[in-house]
Amino acid sequence: MSASLSAGARELHRTVARGAADGLALAASPTFALMAISTGAWGTEVGQMLCAGEPGPQIGGMTVMYLLMSIFHLAPWLRLLHATKPEAA
């Protein structure tokens, strides 16, 4: 068995790797958005909820971090939307 791959096999590996990377890039922003929502809704400590003085979820450090990460990872979605946008006549 040879150690090197044929040109066709190398191209197939590159294509699969690009597809996986594109999928992961598109998965990042919604994942972080869901993490922000779940952390904001259920991630607060009982003591913080009691001392906050306001009912409902409190937006704190981790929630803000997940929101920012979600925004920073929007670029693949924006590229996808731009690529599928119909051209004006």
# chains A, B, ... in the order shown; residues from 1 in each chain; ligands from 1
>>> residues_around(residues="A:Ala33", least_positions_apart="6", cutoff="8 Å", atoms="only C-alpha atoms", output="PyMOL selection string")
chain A and resi 66-67+70
>>> write_last_selection(atoms="C-alpha atoms", output="PDB file, in the first residue's frame")
ATOM      1  CA  TYR A  66     -22.553  33.835  24.007  1.00  0.00           C
ATOM      2  CA  LEU A  67     -24.462  36.674  22.324  1.00  0.00           C
ATOM      3  CA  SER A  70     -23.055  34.426  18.018  1.00  0.00           C
TER       4      SER A  70
END
>>> residues_around(residues="A:Met62", least_positions_apart="2", cutoff="8 Å", atoms="only C-alpha atoms", output="PDB file with C-alpha atoms, in the first residue's frame")
ATOM      1  CA  ALA A  36     -27.150  32.493  25.184  1.00  0.00           C
ATOM      2  CA  THR A  39     -27.969  30.569  29.899  1.00  0.00           C
ATOM      3  CA  GLY A  60     -25.094  38.326  32.932  1.00  0.00           C
ATOM      4  CA  VAL A  64     -23.408  38.368  26.957  1.00  0.00           C
ATOM      5  CA  MET A  65     -20.374  36.322  25.921  1.00  0.00           C
ATOM      6  CA  TYR A  66     -22.553  33.835  24.007  1.00  0.00           C
TER       7      TYR A  66
END
>>> closest_residue(among="A:Thr84, A:Met69, A:Glu11, A:Leu78", to="A:Ala28", atoms="only C-alpha atoms")
A:Met69
>>> atom_distance(atom1="atom CA of A:Ala83", atom2="atom CA of A:Ile71")
19.3 Å
>>> atom_distance(atom1="atom CA of A:Glu87", atom2="atom CA of A:Ala21")
27.2 Å
>>> residues_around(residues="A:His73", least_positions_apart="4", cutoff="9 Å", atoms="only C-alpha atoms", output="list in words")
Ala25, Leu26, Ala28, Ser29, Pro30, Phe32, Leu68, Met69 and Trp77 of chain A
>>> write_last_selection(atoms="N, CA and C atoms", output="CSV table (one decimal), in the first residue's frame")
chain,number,residue,atom,x,y,z
A,25,ALA,N,-18.9,26.0,10.3
A,25,ALA,CA,-19.0,27.5,10.3
A,25,ALA,C,-20.5,27.9,10.4
A,26,LEU,N,-21.4,27.2,9.7
A,26,LEU,CA,-22.8,27.6,9.7
A,26,LEU,C,-23.4,27.2,11.0
A,28,ALA,N,-22.0,27.3,14.1
A,28,ALA,CA,-21.5,28.1,15.2
A,28,ALA,C,-22.5,29.1,15.7
A,29,SER,N,-22.9,30.0,14.8
A,29,SER,CA,-23.8,31.1,15.3
A,29,SER,C,-25.1,30.7,15.9
A,30,PRO,N,-25.9,29.8,15.3
A,30,PRO,CA,-27.1,29.3,16.0
A,30,PRO,C,-26.8,28.6,17.3
A,32,PHE,N,-24.3,29.2,19.4
A,32,PHE,CA,-24.1,30.2,20.4
A,32,PHE,C,-25.3,31.0,20.8
A,68,LEU,N,-22.3,37.7,22.0
A,68,LEU,CA,-21.2,38.3,21.2
A,68,LEU,C,-20.6,37.2,20.3
A,69,MET,N,-20.4,36.0,20.8
A,69,MET,CA,-19.8,35.0,20.0
A,69,MET,C,-20.8,34.6,18.8
A,77,TRP,N,-23.1,33.0,7.5
A,77,TRP,CA,-24.5,33.1,7.2
A,77,TRP,C,-24.7,34.3,6.2
